[in-house]
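Let me begin by presenting the structure, written as structure tokens, before commenting on it.
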Amino acid sequence: MYQVKSPVRLLEIWPQRCSHVFRNLVSNKTTMLKSTINCVNAHRRCLSYFSNAFNNLANQSASSQSVKYLDLDVFVNQDHKQMDLVDKLVKLRKQKHSTSVPLLPNILVKQLLDLSGPQDAVTVLRNPLQYGIFIDQFTGCHLMDLLLHNGSIKEAAQVSTLLVERDLCNNELISALALKSFYAYLKIYKPSPPPEKPEKPEVQKVRVKFLRNIPETIEKSEEKLLGESLIKLGLSPSLDQELAKNITLLGLIMSDSYAEAEQFISQNEQSLYKDVVQLGQKLIESLEGRSNPEFKTLLDAALAKCAKADSFDEILDKRVKLSASSFEPQLISEYDKSFKSWQANFQRAVEEQMKVLETNQRIENIESTLSAMEARRQNLWFFENKEDIDIQIFKKKVFYPKRWFGKKKKPKAVDAFYVPPTITRGH
């Protein structure tokens with residue numbers, strides 16, 4: 001016979017018997033959250049054009065110990081104040097021994113991505129003279145691959161622009177990755193609003209001794225820089241000719257060179273892909289204020305004649321994967337050598353800086369000890385020379401006689417009834 005328990009008794013027993021189930025559920029949920037965080041982590045992603053060996057080498061820490069980030073406090077922040085990494089780089093660059101401190105771009109870029117974000121990393125790489133970080137091929141490949149697979153398409157295109165400007169796209173892998181970044185950004189491109197023109201300040205005339213002809217620096221827009229980079233990448237010998245022609249057309253559209261683009265289409269009409277021509281039409285619509293209606297009709301005619309209907313995006317993916325398998329070992333070997341050399345030089349620079357800091361600390365300790373001894377000597381000086389001080393005081397004493405000889409003037413007696421001449425009896 002089964003005993004039927006009352007509802008009150010069931011409510012008392014149920015939490016005790018189900019508590020272990022709840023604990024297991026919470027632990028499993030925590031485990032799932034941890035695994036999710038690890039998958040979302042930028043340096044432990046599953047999607048990549050490169051192998052695990054490349055990613056492990058790119059994510060290698062600055063030290064063999066459990067140190068995750070590169071520490072520059074020994075050079076610029078001995079007091080360990082709250083300081084941003086970008087400020088540390090600027091302060092290090094302003095010091096005299098800045099050239100003696102080697103900086104590996106991949107490690108610092110990875111640190112900037114974790115602490116600040118991709119935009120700060122791109123800003124630092126764009127100003128090497130201010131921050132002292134010069135991008136290399138390994139860092140560029142790792143950064144483009146990382147940003148493309150994490151949704152930072154604009155930053156990936158900006159990194160590609162840097163590589164093209166500094167003539168680092170000299171092999172098929174870097175050229176294909178740069179082309180992939182440019183094409184992905186152009187698909188989501190939206191023109192930025194024109195900046196407001198600031199009011200011209202009043203001209204102040206100043207007399208000077210010398211006059212210098214300083215050329216005016218014209219800041220190029222993002223579209224202009226992107227178009228020039230696309231055209232320059234299309235001229236690279238490491239890129240396939242068909243891909244180069246398609247990317248050159250997009251570069252001519254972005255740089256407002258419609259006359260050259262018309263001539264280019266008439267000469268290379270058979271090499272254009274349908275996706276690229278459609279993307280060119282989309283870019284012209286987005287750049288409506290600077291577009292050319294005649295060029296629109298030319299693109300429509302070229303789109304009707306396009307024989308290549310393959311997906312341009314898939315072709316770029318295949319090209320990147322194929323070139324990664326062939327050029328990746330060379331990048332790994334070069335970076336491995338540079339990393340070991342940098343690690344030894346950086347450790348040597350840290351040791352030299354520590355010696356300088358220890359020497360300065362010893363000098364400060366000696367000076368503080370001497371100042372303390374001088375203060376004690378001044379305190380003891382009075383008691384050691386008390387008798388001499390008393391003698392000197394006694395010698396300096398001047399004794400005057402109690403009675404002063406000579407005629408003394410007596411004060412005049414004032415009459416009580418004396419009336420000054422200025423006062424008359426009438427008053």
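Identifiers in the structure tokens: chain A, B, ... in order shown; residue index from 1 per chain; ligand index from 1 in order shown.
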Exercise. Which neighbours of Asp136 of chain A fall inside 9 Å, counting only C-alpha atoms, when residues of the same chain fewer than 2 positions from it are skipped, and could you give them as JSON, numbers by chain?
Worked result: {"A": [105, 106, 134, 138, 139, 140, 141, 163, 168]}
Writing out the chosen residues with C-alpha atoms as a PDB file, in the first residue's frame:
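Writing the result to part-v5.pdb gives the following:
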ATOM      1  CA  PRO A 105      53.302  45.431 -33.767  1.00  0.00           C
ATOM      2  CA  ASN A 106      51.309  42.196 -33.538  1.00  0.00           C
ATOM      3  CA  PHE A 134      54.904  50.126 -37.878  1.00  0.00           C
ATOM      4  CA  PHE A 138      52.145  39.154 -40.505  1.00  0.00           C
ATOM      5  CA  THR A 139      50.259  41.713 -38.408  1.00  0.00           C
ATOM      6  CA  GLY A 140      48.317  42.897 -41.445  1.00  0.00           C
ATOM      7  CA  CYS A 141      47.224  39.368 -42.412  1.00  0.00           C
ATOM      8  CA  LEU A 163      49.195  47.834 -46.441  1.00  0.00           C
ATOM      9  CA  LEU A 168      53.377  45.562 -48.392  1.00  0.00           C
TER      10      LEU A 168
END
Problem set entry | Leu249 of chain A surroundings by only C-alpha atoms, 10 Å radius, close-in-sequence under 5 positions cut, as a ChimeraX atom specification | /A:227,230-231,234,244,254,257-258,260-262,264-265,268,272,276-277,280
For this session: Tell me which protein, DNA and RNA residues are within 10 Å of segment 108-112 of chain A, counting only C-alpha atoms, leaving out same-chain ones fewer than 3 positions away, and put them as JSON, numbers by chain.
Result: {"A": [42, 43, 58, 59, 60, 61, 62, 68, 69, 70, 84, 85, 86, 89, 103, 104, 105, 115, 116, 117, 118, 119, 120, 121, 122, 124, 125, 133, 135, 139, 142, 143]}
Quick one: pick out all alpha helix (DSSP H) residues within segment 76-322 of chain A from a backbone DSSP run and write them as an mmCIF file with C-alpha atoms, in the first residue's frame.
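Printed below is states_27.cif as written:
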data_model
loop_
_atom_site.group_PDB
_atom_site.id
_atom_site.type_symbol
_atom_site.label_atom_id
_atom_site.label_comp_id
_atom_site.auth_asym_id
_atom_site.auth_seq_id
_atom_site.Cartn_x
_atom_site.Cartn_y
_atom_site.Cartn_z
ATOM 1 C CA VAL A 76 57.062 55.337 -18.868
ATOM 2 C CA LEU A 85 48.117 52.085 -23.470
ATOM 3 C CA VAL A 86 47.839 54.766 -26.156
ATOM 4 C CA ASP A 87 49.110 57.389 -23.688
ATOM 5 C CA LYS A 88 51.983 55.086 -22.735
ATOM 6 C CA LEU A 89 52.992 54.752 -26.389
ATOM 7 C CA VAL A 90 52.898 58.531 -26.875
ATOM 8 C CA LYS A 91 54.961 59.118 -23.735
ATOM 9 C CA LEU A 92 57.466 56.442 -24.729
ATOM 10 C CA ARG A 93 57.804 57.988 -28.183
ATOM 11 C CA LYS A 94 58.677 61.389 -26.661
ATOM 12 C CA PRO A 105 53.302 45.431 -33.767
ATOM 13 C CA ASN A 106 51.309 42.196 -33.538
ATOM 14 C CA ILE A 107 51.455 42.011 -29.726
ATOM 15 C CA LEU A 108 50.553 45.668 -29.209
ATOM 16 C CA VAL A 109 47.746 45.537 -31.786
ATOM 17 C CA LYS A 110 46.280 42.475 -30.070
ATOM 18 C CA GLN A 111 46.491 44.296 -26.739
ATOM 19 C CA LEU A 112 44.760 47.360 -28.209
ATOM 20 C CA LEU A 113 41.993 45.170 -29.622
ATOM 21 C CA ASP A 114 41.346 43.657 -26.197
ATOM 22 C CA LEU A 115 41.508 46.885 -24.193
ATOM 23 C CA PRO A 118 39.598 47.927 -33.397
ATOM 24 C CA GLN A 119 39.255 51.646 -34.164
ATOM 25 C CA ASP A 120 41.983 52.613 -31.681
ATOM 26 C CA ALA A 121 44.238 49.920 -33.117
ATOM 27 C CA VAL A 122 43.773 51.315 -36.630
ATOM 28 C CA THR A 123 44.380 54.870 -35.379
ATOM 29 C CA VAL A 124 47.680 53.814 -33.795
ATOM 30 C CA LEU A 125 48.777 52.014 -36.951
ATOM 31 C CA ARG A 126 47.917 55.051 -39.081
ATOM 32 C CA PRO A 128 53.597 55.381 -36.762
ATOM 33 C CA LEU A 129 55.646 58.532 -36.156
ATOM 34 C CA GLN A 130 53.496 59.458 -33.164
ATOM 35 C CA TYR A 131 53.072 56.005 -31.596
ATOM 36 C CA GLN A 137 52.841 41.678 -43.272
ATOM 37 C CA PHE A 138 52.145 39.154 -40.505
ATOM 38 C CA THR A 139 50.259 41.713 -38.408
ATOM 39 C CA GLY A 140 48.317 42.897 -41.445
ATOM 40 C CA CYS A 141 47.224 39.368 -42.412
ATOM 41 C CA HIS A 142 46.261 38.460 -38.855
ATOM 42 C CA LEU A 143 44.387 41.735 -38.359
ATOM 43 C CA MET A 144 42.456 41.544 -41.638
ATOM 44 C CA ASP A 145 41.481 37.937 -40.969
ATOM 45 C CA LEU A 146 40.423 38.747 -37.419
ATOM 46 C CA LEU A 147 38.381 41.830 -38.328
ATOM 47 C CA LEU A 148 36.665 40.199 -41.296
ATOM 48 C CA ILE A 153 34.564 45.336 -42.016
ATOM 49 C CA LYS A 154 35.406 49.051 -42.106
ATOM 50 C CA GLU A 155 38.491 48.590 -39.926
ATOM 51 C CA ALA A 156 39.616 45.660 -42.106
ATOM 52 C CA ALA A 157 39.400 47.911 -45.176
ATOM 53 C CA GLN A 158 41.385 50.619 -43.351
ATOM 54 C CA VAL A 159 44.122 48.107 -42.533
ATOM 55 C CA SER A 160 44.153 47.037 -46.193
ATOM 56 C CA THR A 161 44.579 50.687 -47.188
ATOM 57 C CA LEU A 162 47.622 50.945 -44.915
ATOM 58 C CA LEU A 163 49.195 47.834 -46.441
ATOM 59 C CA VAL A 164 48.629 49.116 -49.985
ATOM 60 C CA GLU A 165 50.000 52.581 -49.169
ATOM 61 C CA GLU A 172 49.294 36.766 -53.441
ATOM 62 C CA LEU A 173 48.028 36.140 -49.899
ATOM 63 C CA ILE A 174 48.157 39.750 -48.709
ATOM 64 C CA SER A 175 46.737 41.022 -52.012
ATOM 65 C CA ALA A 176 43.839 38.555 -51.874
ATOM 66 C CA LEU A 177 43.056 39.420 -48.250
ATOM 67 C CA ALA A 178 43.176 43.131 -49.006
ATOM 68 C CA LEU A 179 40.894 42.630 -52.005
ATOM 69 C CA LYS A 180 38.490 40.613 -49.870
ATOM 70 C CA SER A 181 38.428 43.374 -47.229
ATOM 71 C CA PHE A 182 37.829 46.104 -49.807
ATOM 72 C CA TYR A 183 35.045 44.191 -51.530
ATOM 73 C CA ALA A 184 33.305 43.359 -48.232
ATOM 74 C CA TYR A 185 33.420 47.017 -47.200
ATOM 75 C CA LEU A 186 32.124 48.295 -50.540
ATOM 76 C CA LYS A 187 29.101 46.028 -50.254
ATOM 77 C CA GLU A 222 37.959 58.311 -46.998
ATOM 78 C CA GLU A 223 36.407 57.709 -50.418
ATOM 79 C CA LYS A 224 39.391 59.257 -52.199
ATOM 80 C CA LEU A 225 41.896 57.213 -50.193
ATOM 81 C CA LEU A 226 39.881 54.062 -50.782
ATOM 82 C CA GLY A 227 39.676 54.679 -54.515
ATOM 83 C CA GLU A 228 43.412 55.330 -54.831
ATOM 84 C CA SER A 229 44.191 52.187 -52.827
ATOM 85 C CA LEU A 230 41.928 50.097 -55.040
ATOM 86 C CA ILE A 231 43.584 51.405 -58.208
ATOM 87 C CA LYS A 232 47.059 50.812 -56.765
ATOM 88 C CA LEU A 233 46.112 47.289 -55.694
ATOM 89 C CA GLY A 234 44.803 46.592 -59.209
ATOM 90 C CA GLN A 241 44.611 39.954 -63.758
ATOM 91 C CA GLU A 242 40.866 39.349 -63.884
ATOM 92 C CA LEU A 243 40.455 40.200 -60.202
ATOM 93 C CA ALA A 244 42.696 43.236 -60.647
ATOM 94 C CA LYS A 245 40.579 44.595 -63.501
ATOM 95 C CA ASN A 246 37.365 44.264 -61.500
ATOM 96 C CA ILE A 247 38.795 45.975 -58.437
ATOM 97 C CA THR A 248 40.276 48.746 -60.611
ATOM 98 C CA LEU A 249 36.805 49.558 -61.922
ATOM 99 C CA LEU A 250 35.513 50.002 -58.359
ATOM 100 C CA GLY A 251 38.513 52.170 -57.555
ATOM 101 C CA LEU A 252 37.823 54.459 -60.507
ATOM 102 C CA ILE A 253 34.209 54.841 -59.382
ATOM 103 C CA MET A 254 35.194 55.687 -55.809
ATOM 104 C CA TYR A 258 34.393 58.587 -64.685
ATOM 105 C CA ALA A 259 36.189 59.393 -67.947
ATOM 106 C CA GLU A 260 38.895 56.833 -67.201
ATOM 107 C CA ALA A 261 36.249 54.356 -66.028
ATOM 108 C CA GLU A 262 34.372 54.622 -69.348
ATOM 109 C CA GLN A 263 37.556 53.931 -71.264
ATOM 110 C CA PHE A 264 38.422 51.065 -68.917
ATOM 111 C CA ILE A 265 35.009 49.408 -69.396
ATOM 112 C CA SER A 266 35.264 49.624 -73.187
ATOM 113 C CA GLN A 267 38.681 47.917 -73.089
ATOM 114 C CA LYS A 274 28.198 40.675 -62.920
ATOM 115 C CA ASP A 275 28.427 41.171 -59.136
ATOM 116 C CA VAL A 276 31.116 43.834 -59.554
ATOM 117 C CA VAL A 277 29.095 45.799 -62.117
ATOM 118 C CA GLN A 278 26.005 45.654 -59.893
ATOM 119 C CA LEU A 279 28.089 46.843 -56.961
ATOM 120 C CA GLY A 280 29.344 49.711 -59.143
ATOM 121 C CA GLN A 281 25.753 50.716 -59.856
ATOM 122 C CA LYS A 282 24.997 50.650 -56.125
ATOM 123 C CA LEU A 283 28.015 52.836 -55.385
ATOM 124 C CA ILE A 284 26.956 55.351 -58.031
ATOM 125 C CA GLU A 285 23.503 55.557 -56.470
ATOM 126 C CA SER A 286 25.038 56.142 -53.042
ATOM 127 C CA PRO A 293 24.245 59.940 -65.768
ATOM 128 C CA GLU A 294 26.140 58.961 -68.925
ATOM 129 C CA PHE A 295 28.264 56.565 -66.954
ATOM 130 C CA LYS A 296 25.126 54.988 -65.469
ATOM 131 C CA THR A 297 23.855 54.066 -68.919
ATOM 132 C CA LEU A 298 27.281 52.668 -69.786
ATOM 133 C CA LEU A 299 27.199 50.445 -66.689
ATOM 134 C CA ASP A 300 23.705 49.252 -67.589
ATOM 135 C CA ALA A 301 24.926 48.258 -71.034
ATOM 136 C CA ALA A 302 27.988 46.512 -69.541
ATOM 137 C CA LEU A 303 25.760 44.620 -67.098
ATOM 138 C CA ALA A 304 23.635 43.327 -69.973
ATOM 139 C CA LYS A 305 26.764 42.056 -71.755
ATOM 140 C CA PHE A 312 32.671 37.245 -56.913
ATOM 141 C CA ASP A 313 32.646 36.829 -53.138
ATOM 142 C CA GLU A 314 33.059 33.047 -53.359
ATOM 143 C CA ILE A 315 35.869 33.451 -55.874
ATOM 144 C CA LEU A 316 37.685 35.734 -53.432
ATOM 145 C CA ASP A 317 37.182 33.241 -50.581
ATOM 146 C CA LYS A 318 38.658 30.414 -52.668
ATOM 147 C CA ARG A 319 41.556 32.605 -53.719
ATOM 148 C CA VAL A 320 42.351 33.572 -50.109
ATOM 149 C CA LYS A 321 42.211 29.974 -48.872
ATOM 150 C CA LEU A 322 44.356 28.718 -51.740
#
Problem set entry | d(atom CA of Ala344 of chain A, atom CA of Ser100 of chain A) in Å | 12.7 Å
